[in-house]
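Asks: This is the structure, below, for whatever I ask next.
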Protein chains: 2
Amino acid sequence: MVRIGIGFLGCGNIGCGVYRLLTTYGDQIEKNEGVSFEIRRILVRSPGKKRSWDIPAQLLTDQVQDVLCDPQIDVVMEFMGGEEPASSYMTAALKNGKTVVTANKMALASHWQQIVAAAREYGAGLYYEASVCGAIPIIRAMNDSLQANRITSVMGIINGTTNYILSRMSREGAAYADVLADAQRLGLAEPDPTADVEGYDAAYKLSILSTLAFHRHVPVECVYREGITGVTPLDVQCGKEFGLTLKLLAVAKEEDGRIQARVHPTFVPDSHPLAGVNDAFNAVYVNGHACGEMMFYGRGAGDMPTASALVSDLIKAARTKRHLLPAVSDEPCEMADDWSCVHFVRLLAKDEPGVLSLVSGKLAAHGVSIASMVQKGEPDENGYVQMIFLTHRASERAVRSALAELDGEKVSTCSVIRVEGK
Amino acid sequence: MVRIGIGFLGCGNIGCGVYRLLTTYGDQIEKNEGVSFEIRRILVRSPGKKRSWDIPAQLLTDQVQDVLCDPQIDVVMEFMGGEEPASSYMTAALKNGKTVVTANKMALASHWQQIVAAAREYGAGLYYEASVCGAIPIIRAMNDSLQANRITSVMGIINGTTNYILSRMSREGAAYADVLADAQRLGLAEPDPTADVEGYDAAYKLSILSTLAFHRHVPVECVYREGITGVTPLDVQCGKEFGLTLKLLAVAKEEDGRIQARVHPTFVPDSHPLAGVNDAFNAVYVNGHACGEMMFYGRGAGDMPTASALVSDLIKAARTKRHLLPAVSDEPCEMADDWSCVHFVRLLAKDEPGVLSLVSGKLAAHGVSIASMVQKGEPDENGYVQMIFLTHRASERAVRSALAELDGEKVSTCSVIRVEGK
């Protein structure tokens, strides 16, 4: 029997969830896994505050050193969230030789090198399954199941709030602002929704996922990021007519030795497994050389799903003799500054002879060809119609250059949305 | 650096796949994982035969003892398939203290207790990720990610051949026999398709999955099994009209301390994540107390996906100091002999007043109520029409008893198909 002393940094809803799982399933885990856990100290801001689960008062402390310096604490579990002081506390715990288990994508992605270096130098364990997509064991899959693969791409719906908003916009034809307001009322979006709707949350997670997938550190600053605030019901609707579903996708690919990591509204074919991932669910779709296509689907957030992942990490840490850190090369990672994909383009175009030929000619001059096109509705009072087309796979830079040159009296670009999985 | 000597039992396509991955990714694995593998001996029937990958002749042997008794072999990888001699060889290897890595669901499910007991008694490792759903890390998920959960249900599309057949029947309205013949031509179904189409293959896998999910041994003989040979295009079509997709589902649930484990044609709502799993893909949908709903999707068969899982097990085995065997209670498992679900029922009924009331009255007398009903088409030359309905959730025994009592001159039962995920 391995006995492990645990300290908590923070004890909000997720911390209470972990406390609850460890007290409820402690015997089962002890019997099945041969490890027993003792929670020794819990750092909280206000030890007197009422909590959702009954925690003995003598465990609570407001002094971080009680957790970081207690020699009877083997594993520090961090649930504070945010960049600081979480990053400094985790680094300090690792330097004291303590294993760290965390759900904190922001701290991990922003201070990856500092935190991993501390773990490496002091031989401590670092576990972070819960930092990406809650209960979904995607970190485990990358690190422990796909080692004999060259991973070629990772595409994920890794933010539940934006997926909820886009699912409802798609189902109901509703406008972004209305669904966002609803999501805020339901507690599915924060009062300040920026981190979710502008793609920051997804970018943190993609930085971690792509670093593991490609064995090179992909800093969060190198993740291209575009949120969903500009998505219109008209684009969602037009996509449907082409058999496409709109998602906020996190995409990472390695092509010709360069890495693309990008978060942006993306159309996927209705038949693609990611298209059916709705509401607050998350899913990560991975393509590997030997394993082929895989998808991992589940609840990407929530106290108990996250706690489930944290406890599985805790067990893994307890059962590991020699902690394995992510195998990430020290060479700087070369990021792509352009990428190829199919593009969905919506233009407002003068309804007169020669305009289609103007558009297709300009695109062709940039090496972009049109795969399918529709003209939507009757001309407006100024004689303009909606012209919507899908390109064949083409360089994004080429598409944007062609459209910039076209923009003028006869043609104006309304939307350019990338299409993946086609 | 940990150095591991490996012996192969068998070297068909999967064995060659493992050989290929280990030779191609050996350096990457050594660098990332700190383990190096040396293949020392390979048991084959005909050492002189030409293989798909160039394997040095001195590794080949036709003497099983060269693998089982070589003290320099730490891990025995079994790719022979079939019950015997694979089970005996694996047991012998474990008794020699060697870790076994296998893809053999049939041997494992049929000789579970013997094989696990040998591993336990001799302190040897037993790894079988590849035995269920190829590359999909579902065994890992059960054993290493969901330990702090009470798993309530597991539902899977775990046989690619039948999923290919049903997907095409659904898409094209084609008949079973025609699609089967096509699948045989394409190499997607065996010349004797019994193991797949009668659900034996899925039953082996479900025995393993449900044993792990519920921590009690669910023998393969206790898995209720019904194949797809009786599925008609008419049922597939009628299901569509109710928003249902037909799959060969493996279902395991624990209700009131009893376990249900069953493989049978099953309708799932079109909106259910399993409904979108098409062609030869596999997926396992798990519901846990803390983690909520999850789904794992990917290639359930094929040389390289299976080899990918085998190599991940090999690395796990090499990095484990104390092997953990599945925590399965010794108490005999109590199997349910009835279960509740929604039922899809298709009857041929005399088109005359009073017949609907006869049907609904008889069902009501058995506690079964009808949720929705349609009558299809015009009466045939004998005055019978197709009557199709969905019940509310009801005991299967009650539904069958009511239908047995109804069967007669006015009503005859054509199909009863269970519905899950509603």
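Residues are named by chain letter and number: chains run A, B, ... in the order of the structure tokens, numbers start at 1 in each chain, and ligands are numbered from 1 in the order shown.
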May I ask you to extract the residues of chain B within 8 Å of chain A, using only C-alpha atoms, and to give them as a PyMOL selection string?
Replies: chain B and resi 21-22+25+29+31-33+135-137+141+144-149+271+273+276-277+290-299+304-309+311-313+316+320-321+324+326-327
Asks: Determine which residues of segment 167-383 of chain A DSSP labels as strand (DSSP E or B) from the backbone of this structure, then write them out as a PyMOL selection string.
Replies: chain A and resi 216+224-225+244-255+258-269+281-288+292-299+329+335+340-350+370-376
Asks: Which residues are near segment 377-389 of chain A? Cut-off 9 Å, only C-alpha atoms, ignore same chain within fewer than 4 positions. Put them as a list of chain:residue names.
Replies: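 After dropping sequence-adjacent residues, the list is A:Cys238, A:His343, A:Phe344, A:Val345, A:Arg346, A:Leu347, A:Leu348, A:Ala349, A:Lys350, A:Asp351, A:Glu352, A:Leu356, A:Ile370, A:Ala371, A:Ser372, A:Met373, A:Lys410, A:Val411.
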Asks: Output C-alpha atoms of each residue in that selection to a file, as an mmCIF file, in the first residue's frame.
Replies:
```cif
data_model
loop_
_atom_site.group_PDB
_atom_site.id
_atom_site.type_symbol
_atom_site.label_atom_id
_atom_site.label_comp_id
_atom_site.auth_asym_id
_atom_site.auth_seq_id
_atom_site.Cartn_x
_atom_site.Cartn_y
_atom_site.Cartn_z
ATOM 1 C CA CYS A 238 -25.317 29.769 -45.885
ATOM 2 C CA HIS A 343 -12.362 28.718 -47.819
ATOM 3 C CA PHE A 344 -16.005 29.704 -47.536
ATOM 4 C CA VAL A 345 -16.359 33.218 -48.948
ATOM 5 C CA ARG A 346 -19.407 35.477 -48.886
ATOM 6 C CA LEU A 347 -19.311 38.575 -51.060
ATOM 7 C CA LEU A 348 -21.695 41.358 -51.920
ATOM 8 C CA ALA A 349 -21.411 41.632 -55.698
ATOM 9 C CA LYS A 350 -22.990 43.891 -58.307
ATOM 10 C CA ASP A 351 -25.601 41.871 -60.170
ATOM 11 C CA GLU A 352 -24.364 42.488 -63.710
ATOM 12 C CA LEU A 356 -18.513 36.424 -61.732
ATOM 13 C CA ILE A 370 -13.709 27.978 -56.998
ATOM 14 C CA ALA A 371 -15.224 24.573 -56.167
ATOM 15 C CA SER A 372 -18.883 25.582 -55.936
ATOM 16 C CA MET A 373 -20.854 28.816 -55.993
ATOM 17 C CA LYS A 410 -18.385 45.984 -57.782
ATOM 18 C CA VAL A 411 -17.437 43.535 -55.073
#
```
Asks: Report the distance between atom CA of Tyr19 of chain B and atom CA of Glu78 of chain B in Å, rounded to one decimal place.
Replies: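 Atom CA of Glu78 of chain B lies at a distance of 12.6 Å from atom CA of Tyr19 of chain B.
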Asks: So how far away is atom CA of Gln375 of chain B from atom CA of Pro353 of chain B, in Å?
Replies: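 Atom CA of Pro353 of chain B sits 13.3 Å away from atom CA of Gln375 of chain B.
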Asks: Could you please determine the separation between atom CA of Val268 of chain B and atom CA of Glu198 of chain B in Å, to one decimal place?
Replies: 19.6 Å
